[in-house]
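*Asks:* Pasting a structure here, questions to come.
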Amino acid sequence: MLVANNLFKKFAGKPALADVSFHVRPGEIYGLLGHNGAGKSTSLGIILGMVMPDQGDVTIGGISVLKDRSKALRKVGAIFESPAFYDYLSGWENLKILMSYSGGFDEKAARAVIDRVGLTKRVHSKVRTYSHGMRQRLALAQALLPEPEVLLLDEPTDGLDPEGIKWFREFILNLRDERGMTVLFNSHLLGEVELMCDRVAILREGRRVFEGPVQGLHDDTPVFEVELEPWGTACGIIHCLGGEILADRRIALKPGADPAALVEKLVGAGVRVRAFSPVRRSLEDLYMEILNGAPSPN
Ligand SMILES: Nc1ncnc2c1ncn2[C@@H]1O[C@H](COP(=O)(O)OP(=O)(O)OP(=O)(O)O)[C@@H](O)[C@H]1O
């Protein structure tokens with residue numbers, strides 16, 4: 001549905017993106033992750049035709065954003081950076097004005113979308129009286145009004161309270177499940193990304209250092225919390241079998257390795273196995289491992 005191909009971008013001679021590619025499948029929720037300055041917003045800016053890449057291209061539904069921006073973006077709704085509204089007008093008036101820029105205002109469709117985002121009661125209040133969460137819902141209504149197939153969201157839950165974050169997550173999951181919406185978003189809230197995303201890409205210093213399914217990440221490298229004595233003997237055996245010693249008495253086995261075989265070897269070598277339990281690593285653990293473990297790309 002959305003393909004970013006070999007994107008390069010420099011700002012004042014400094015690379016912001018260097019050969020970044022990723023693809024988002026139809027009906028998928030895809031997360032773009034990375035530390036501050038990794039290149040996430042630059043990528044979204046290029047996808048939206050607001051930032052011109054030095055090299056590379058983005059296609060949406062097979063149409064090139066560089067060659068035919070308006071056609072490519074016809075299927076796209078977006079919340080990019082802090083959405084700007086006229087504070088002295090109501091939410092309703094804002095939507096009317098904003099939609100008139102892009103093909104006209106459909107009152108019935110607007111009412112339906114406002115209802116869906118839960119703004120009906122306050123839609124005629126001035127936007128300056130809105131909380132941050134309500135502004136975000138208005139932005140979502142604006143993004144959804146053109147009935148997009150793809151939704152691009154730049155830090156959508158930034159500044160929302162826990163209730164707002166939960167509402168947002170359920171709303172987006174619902175859009176995917178009921179309407180087959182394709183969603184690409186960037187976020188620093190890894191717990192949320194883990195709950196929402198099918199796949200993620202991790203950017204580091206302008207390069208993609210990881211792309212993969214969120215679920216698959218957990219299964220790739222089995223991690224166990226252990227209590228083994230003597231520890232030195234146990235570490236030697238774990239290393240011999242290609243395992244890795246992590247912090248906090250955790251070990252990682254090679255993908256596909258059989259933990260029972262390791263326990264058998266440990267016991268055979270006289271190691272007392274007091275604890276050996278699988279740990280489900282969070283996306284945050286994996287994110288830190290990938291970013292701390294990846295050699296600097298530059
Ligand atoms: N308009 C610009 N002019 C100059 N440099 C820019 C511009 N936009 C981005 N950059 C630089 O490009 C790099 C990537 O920035 P970008 O905003 O894409 O990162 P990000 O991953 O979105 O970061 P954050 O999580 O802080 O939003 C940074 O070094 C940033 O300073």
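For the structure tokens, the naming scheme is as follows: chains receive sequential letters (A, B, ...) according to their order of presentation, residues are indexed from 1 within each chain, and ligands are indexed from 1 in presentation order.
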Pick out the residues no farther than 7 Å from ligand 1, counting only C-alpha atoms and all ligand atoms, and list them as a list in words.
*Replies:*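 Listed by chain and ascending number, the contacts are Phe11, Ala12, Ala16, Gly34, His35, Asn36, Gly37, Ala38, Gly39, Lys40, Ser41, Thr42, Ser43 and Gly206 of chain A.
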*Asks:* Find the residues near Leu241 (chain A): any atom within 12 Å, counting only C-alpha atoms, skip ones fewer than 2 places away on the same chain, and give them as an NGL selection string.
*Replies:* :A and (234-239 or 243-245 or 251-259 or 261-263 or 265-266)
*Asks:* May I have the residues within 12 Å of region 89-93 of chain A as an NGL selection string, using only C-alpha atoms and disregarding those fewer than 5 positions away in the same chain?
*Replies:* :A and (84 or 98-100 or 105-107 or 110-111 or 113-115 or 119-130 or 134-142)
*Asks:* So what do you get for CA of Pro26 (chain A) versus CA of Gly180 (chain A), distance-wise?
*Replies:*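 Going from CA of Pro26 (chain A) over to CA of Gly180 (chain A) covers 7.4 Å.
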*Asks:* Applying 10 Å and only C-alpha atoms, which residues near Gly133 (chain A) remain after dropping the ones on its own chain fewer than 4 positions away? List them as a list in words.
*Replies:*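 Result of the neighbour search: Arg137, Leu138, Ala139, Thr157, Asp158, Gly159, Leu160, Asp161, Glu163, Gly164, Ile165, Trp167 and Phe168 of chain A.
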*Asks:* If you run DSSP on this backbone, which residues of region 18-249 of chain A come out as alpha helix (DSSP H), and could you give them as a PyMOL selection string?
*Replies:* chain A and resi 40-47+69-72+91-101+107-116+132-144+162-179+190-196+214-220+231-240
*Asks:* Show which residues sit within 9 Å of Arg274 (chain A), as number ranges by chain. Count only C-alpha atoms, and ignore same-chain residues fewer than 3 positions away.
*Replies:* A: 226-229
*Asks:* Would you mind listing what lies within 10 Å of Arg207 (chain A) as a list of chain:residue names, with only C-alpha atoms counted and same-chain residues fewer than 5 positions away left out?
*Replies:*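 Once the nearby chain positions are removed, what remains is A:Leu7, A:Phe8, A:Pro15, A:Ala16, A:Leu17, A:Ala18, A:Asp19, A:Val20, A:Ser21, A:Gly34, A:Ala38, A:Gly39, A:Ile202, A:Ser296, A:Pro297, A:Asn298.
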*Asks:* Measure the distance from CA of Ala112 (chain A) to CA of Leu145 (chain A) in Å and round it to one decimal.
*Replies:* 9.2 Å
*Asks:* Per DSSP on the backbone, what are the strand (DSSP E) residues of region 75-296 of chain A, as a PDB file with C-alpha atoms, in the first residue's frame?
*Replies:*
```pdb
ATOM      1  CA  VAL A  76      -4.281   9.523   2.647  1.00  0.00           C
ATOM      2  CA  GLY A  77      -5.419  11.212   5.845  1.00  0.00           C
ATOM      3  CA  ALA A  78      -2.784  12.623   8.174  1.00  0.00           C
ATOM      4  CA  ILE A  79      -2.028  14.266  11.468  1.00  0.00           C
ATOM      5  CA  VAL A 150      -4.142   5.187   4.639  1.00  0.00           C
ATOM      6  CA  LEU A 151      -3.704   7.142   7.848  1.00  0.00           C
ATOM      7  CA  LEU A 152      -0.363   8.791   8.701  1.00  0.00           C
ATOM      8  CA  LEU A 153       0.064   9.924  12.276  1.00  0.00           C
ATOM      9  CA  ASP A 154       3.009  11.857  13.677  1.00  0.00           C
ATOM     10  CA  THR A 182      -3.666   1.018   6.719  1.00  0.00           C
ATOM     11  CA  VAL A 183      -1.948   3.046   9.435  1.00  0.00           C
ATOM     12  CA  LEU A 184       1.616   4.339   9.657  1.00  0.00           C
ATOM     13  CA  PHE A 185       2.632   6.220  12.755  1.00  0.00           C
ATOM     14  CA  ASN A 186       5.665   7.211  14.739  1.00  0.00           C
ATOM     15  CA  ARG A 199       5.212  -4.470  12.247  1.00  0.00           C
ATOM     16  CA  VAL A 200       7.774  -1.839  13.119  1.00  0.00           C
ATOM     17  CA  ALA A 201      10.854  -0.264  11.607  1.00  0.00           C
ATOM     18  CA  ILE A 202      13.556   1.183  13.820  1.00  0.00           C
ATOM     19  CA  LEU A 203      15.592   4.111  12.538  1.00  0.00           C
ATOM     20  CA  ARG A 204      18.934   5.096  13.926  1.00  0.00           C
ATOM     21  CA  ARG A 207      19.243   4.544   8.706  1.00  0.00           C
ATOM     22  CA  ARG A 208      16.830   1.685   9.119  1.00  0.00           C
ATOM     23  CA  VAL A 209      18.446  -0.781  11.494  1.00  0.00           C
ATOM     24  CA  PHE A 210      15.453  -3.077  11.909  1.00  0.00           C
ATOM     25  CA  GLU A 211      12.180  -4.007  10.260  1.00  0.00           C
ATOM     26  CA  GLY A 212       9.986  -6.846  11.430  1.00  0.00           C
ATOM     27  CA  PRO A 213       6.785  -8.056  13.007  1.00  0.00           C
ATOM     28  CA  VAL A 223      15.101 -15.289  26.921  1.00  0.00           C
ATOM     29  CA  PHE A 224      15.037 -16.960  30.353  1.00  0.00           C
ATOM     30  CA  GLU A 225      15.387 -15.726  33.891  1.00  0.00           C
ATOM     31  CA  VAL A 226      17.695 -18.139  35.692  1.00  0.00           C
ATOM     32  CA  GLU A 227      19.251 -18.979  39.040  1.00  0.00           C
ATOM     33  CA  LEU A 228      22.164 -21.307  38.436  1.00  0.00           C
ATOM     34  CA  GLU A 229      24.984 -22.410  40.755  1.00  0.00           C
ATOM     35  CA  GLU A 244      24.257 -15.199  25.597  1.00  0.00           C
ATOM     36  CA  ILE A 245      24.429 -13.849  29.146  1.00  0.00           C
ATOM     37  CA  ARG A 250      18.852 -13.402  32.179  1.00  0.00           C
ATOM     38  CA  ILE A 251      20.134 -15.516  29.346  1.00  0.00           C
ATOM     39  CA  ALA A 252      19.213 -15.570  25.654  1.00  0.00           C
ATOM     40  CA  ARG A 272      22.105 -26.622  40.424  1.00  0.00           C
ATOM     41  CA  VAL A 273      19.170 -25.215  38.466  1.00  0.00           C
ATOM     42  CA  ARG A 274      17.142 -23.246  41.027  1.00  0.00           C
ATOM     43  CA  ALA A 275      15.146 -21.244  38.489  1.00  0.00           C
ATOM     44  CA  PHE A 276      14.757 -21.336  34.732  1.00  0.00           C
ATOM     45  CA  SER A 277      11.679 -19.473  33.488  1.00  0.00           C
ATOM     46  CA  PRO A 278      10.896 -17.883  30.137  1.00  0.00           C
ATOM     47  CA  VAL A 279      10.746 -14.099  30.022  1.00  0.00           C
TER      48      VAL A 279
END
```
*Asks:* Between CA of Ile47 (chain A) and CA of Gly27 (chain A), what is the spacing in Å?
*Replies:* 17.6 Å
*Asks:* Report as an mmCIF file with N, CA and C atoms, in the first residue's frame all protein, DNA and RNA residues lying within 10 Å of Glu284 (chain A), evaluated on only C-alpha atoms, omitting residues in the same chain fewer than 4 positions from it.
*Replies:*
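Result went into selection17.cif, see below:
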```
data_model
loop_
_atom_site.group_PDB
_atom_site.id
_atom_site.type_symbol
_atom_site.label_atom_id
_atom_site.label_comp_id
_atom_site.auth_asym_id
_atom_site.auth_seq_id
_atom_site.Cartn_x
_atom_site.Cartn_y
_atom_site.Cartn_z
ATOM 1 N N HIS A 188 7.083 7.487 20.505
ATOM 2 C CA HIS A 188 8.104 7.101 21.479
ATOM 3 C C HIS A 188 7.515 6.195 22.549
ATOM 4 N N LEU A 189 6.185 6.001 22.510
ATOM 5 C CA LEU A 189 5.543 5.189 23.548
ATOM 6 C C LEU A 189 5.567 3.718 23.126
ATOM 7 N N LEU A 190 6.632 3.039 23.521
ATOM 8 C CA LEU A 190 6.849 1.693 22.997
ATOM 9 C C LEU A 190 5.788 0.703 23.470
ATOM 10 N N GLY A 191 5.272 0.908 24.671
ATOM 11 C CA GLY A 191 4.202 0.038 25.166
ATOM 12 C C GLY A 191 2.983 0.123 24.258
ATOM 13 N N VAL A 193 3.009 1.139 21.068
ATOM 14 C CA VAL A 193 3.386 0.586 19.759
ATOM 15 C C VAL A 193 3.230 -0.935 19.797
ATOM 16 N N GLU A 194 3.663 -1.498 20.905
ATOM 17 C CA GLU A 194 3.588 -2.958 21.052
ATOM 18 C C GLU A 194 2.140 -3.450 21.017
ATOM 19 N N MET A 288 15.871 -1.396 22.878
ATOM 20 C CA MET A 288 17.144 -1.005 23.471
ATOM 21 C C MET A 288 18.259 -1.940 22.999
ATOM 22 N N GLU A 289 17.936 -3.239 22.936
ATOM 23 C CA GLU A 289 18.951 -4.192 22.472
ATOM 24 C C GLU A 289 19.369 -3.883 21.041
ATOM 25 N N ILE A 290 18.373 -3.629 20.192
ATOM 26 C CA ILE A 290 18.675 -3.378 18.776
ATOM 27 C C ILE A 290 19.480 -2.083 18.646
#
```
*Asks:* Please determine, counting only C-alpha atoms, which residue among A:Leu95, A:Glu205, A:Ser282, A:Phe80 has the shortest atom-to-atom distance to Lys14 (chain A).
*Replies:*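 Among A:Leu95, A:Glu205, A:Ser282, A:Phe80, it is A:Glu205 that comes nearest to Lys14 (chain A).
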